[in-house]
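Novice: Here you go, one structure.
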Amino acid sequence: MERCELLETCGFFRKYEKDWSSACKGMISTYCVGPKMNECKRKDYRKQHGAPPPVDMMPTGQILRAAESD
């Protein structure tokens with residue numbers, strides 16, 4: 001299986017690779033090791049800004065917000 005060349009340094013992947021929620025699993029299987037690998041907005045951000053995007057920026061470009069605790 002083909003893997004994104006940036007996985008080793010991708011903050012999103014490193015933080016969420018062991019998150020078993022269906023949303024994170026789907027995002028990783030679609031963008032990090034899947035058919036939309038070259039559509040990753042994190043890659044676009046890195047190219048445009050010359051630096052990695054925020055860790056919680058998903059491959060779709062949206063920011064993942066942690067659930068607020070009670």
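We label chains A, B, ... in the order they appear in the structure tokens, count residues from 1 in each chain, and number ligands from 1 in the order shown.
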Among chain A, which residues carry a DSSP assignment of alpha helix (DSSP H), reported as number ranges by chain?
Specialist: A: 11-16, 22-27, 41-49
Novice: Store the residues picked out above, limited to C-alpha atoms, as a PDB file, in the first residue's frame.
Specialist:
ATOM      1  CA  GLY A  11       1.712  16.167  13.071  1.00  0.00           C
ATOM      2  CA  PHE A  12      -1.865  15.093  12.320  1.00  0.00           C
ATOM      3  CA  PHE A  13      -0.881  11.525  11.482  1.00  0.00           C
ATOM      4  CA  ARG A  14       1.452  11.204  14.455  1.00  0.00           C
ATOM      5  CA  LYS A  15      -1.185  12.519  16.855  1.00  0.00           C
ATOM      6  CA  TYR A  16      -4.203  10.650  15.483  1.00  0.00           C
ATOM      7  CA  SER A  22     -14.276   6.186  12.647  1.00  0.00           C
ATOM      8  CA  ALA A  23     -13.643   9.789  11.601  1.00  0.00           C
ATOM      9  CA  CYS A  24      -9.882   9.601  12.166  1.00  0.00           C
ATOM     10  CA  LYS A  25      -9.595   6.112  10.703  1.00  0.00           C
ATOM     11  CA  GLY A  26     -11.473   7.234   7.614  1.00  0.00           C
ATOM     12  CA  MET A  27      -9.404  10.379   7.208  1.00  0.00           C
ATOM     13  CA  LYS A  41      -4.671  20.321   2.262  1.00  0.00           C
ATOM     14  CA  ARG A  42      -1.888  19.818   4.824  1.00  0.00           C
ATOM     15  CA  LYS A  43       0.539  19.289   1.937  1.00  0.00           C
ATOM     16  CA  ASP A  44      -0.795  22.412   0.203  1.00  0.00           C
ATOM     17  CA  TYR A  45      -0.345  24.423   3.404  1.00  0.00           C
ATOM     18  CA  ARG A  46       3.254  23.215   3.796  1.00  0.00           C
ATOM     19  CA  LYS A  47       4.076  24.182   0.192  1.00  0.00           C
ATOM     20  CA  GLN A  48       2.438  27.596   0.506  1.00  0.00           C
ATOM     21  CA  HIS A  49       3.853  28.551   3.917  1.00  0.00           C
TER      22      HIS A  49
END
Novice: So, counting only C-alpha atoms, which residue among A:Ala51, A:Met57, A:Cys10, A:Cys4 is closest to A:Tyr31?
Specialist: A:Cys4
Novice: Would you compute the distance between atom CA of A:Leu64 and atom CA of A:Cys40? Give it in Å to one decimal.
Specialist: 14.8 Å
Novice: Between A:Asp19, A:Asp56, A:Glu2, A:Glu8, which is the closest to A:Gly34 once you count only C-alpha atoms?
Specialist: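 Looking at the shortest contact to A:Gly34, the residue is A:Glu2.
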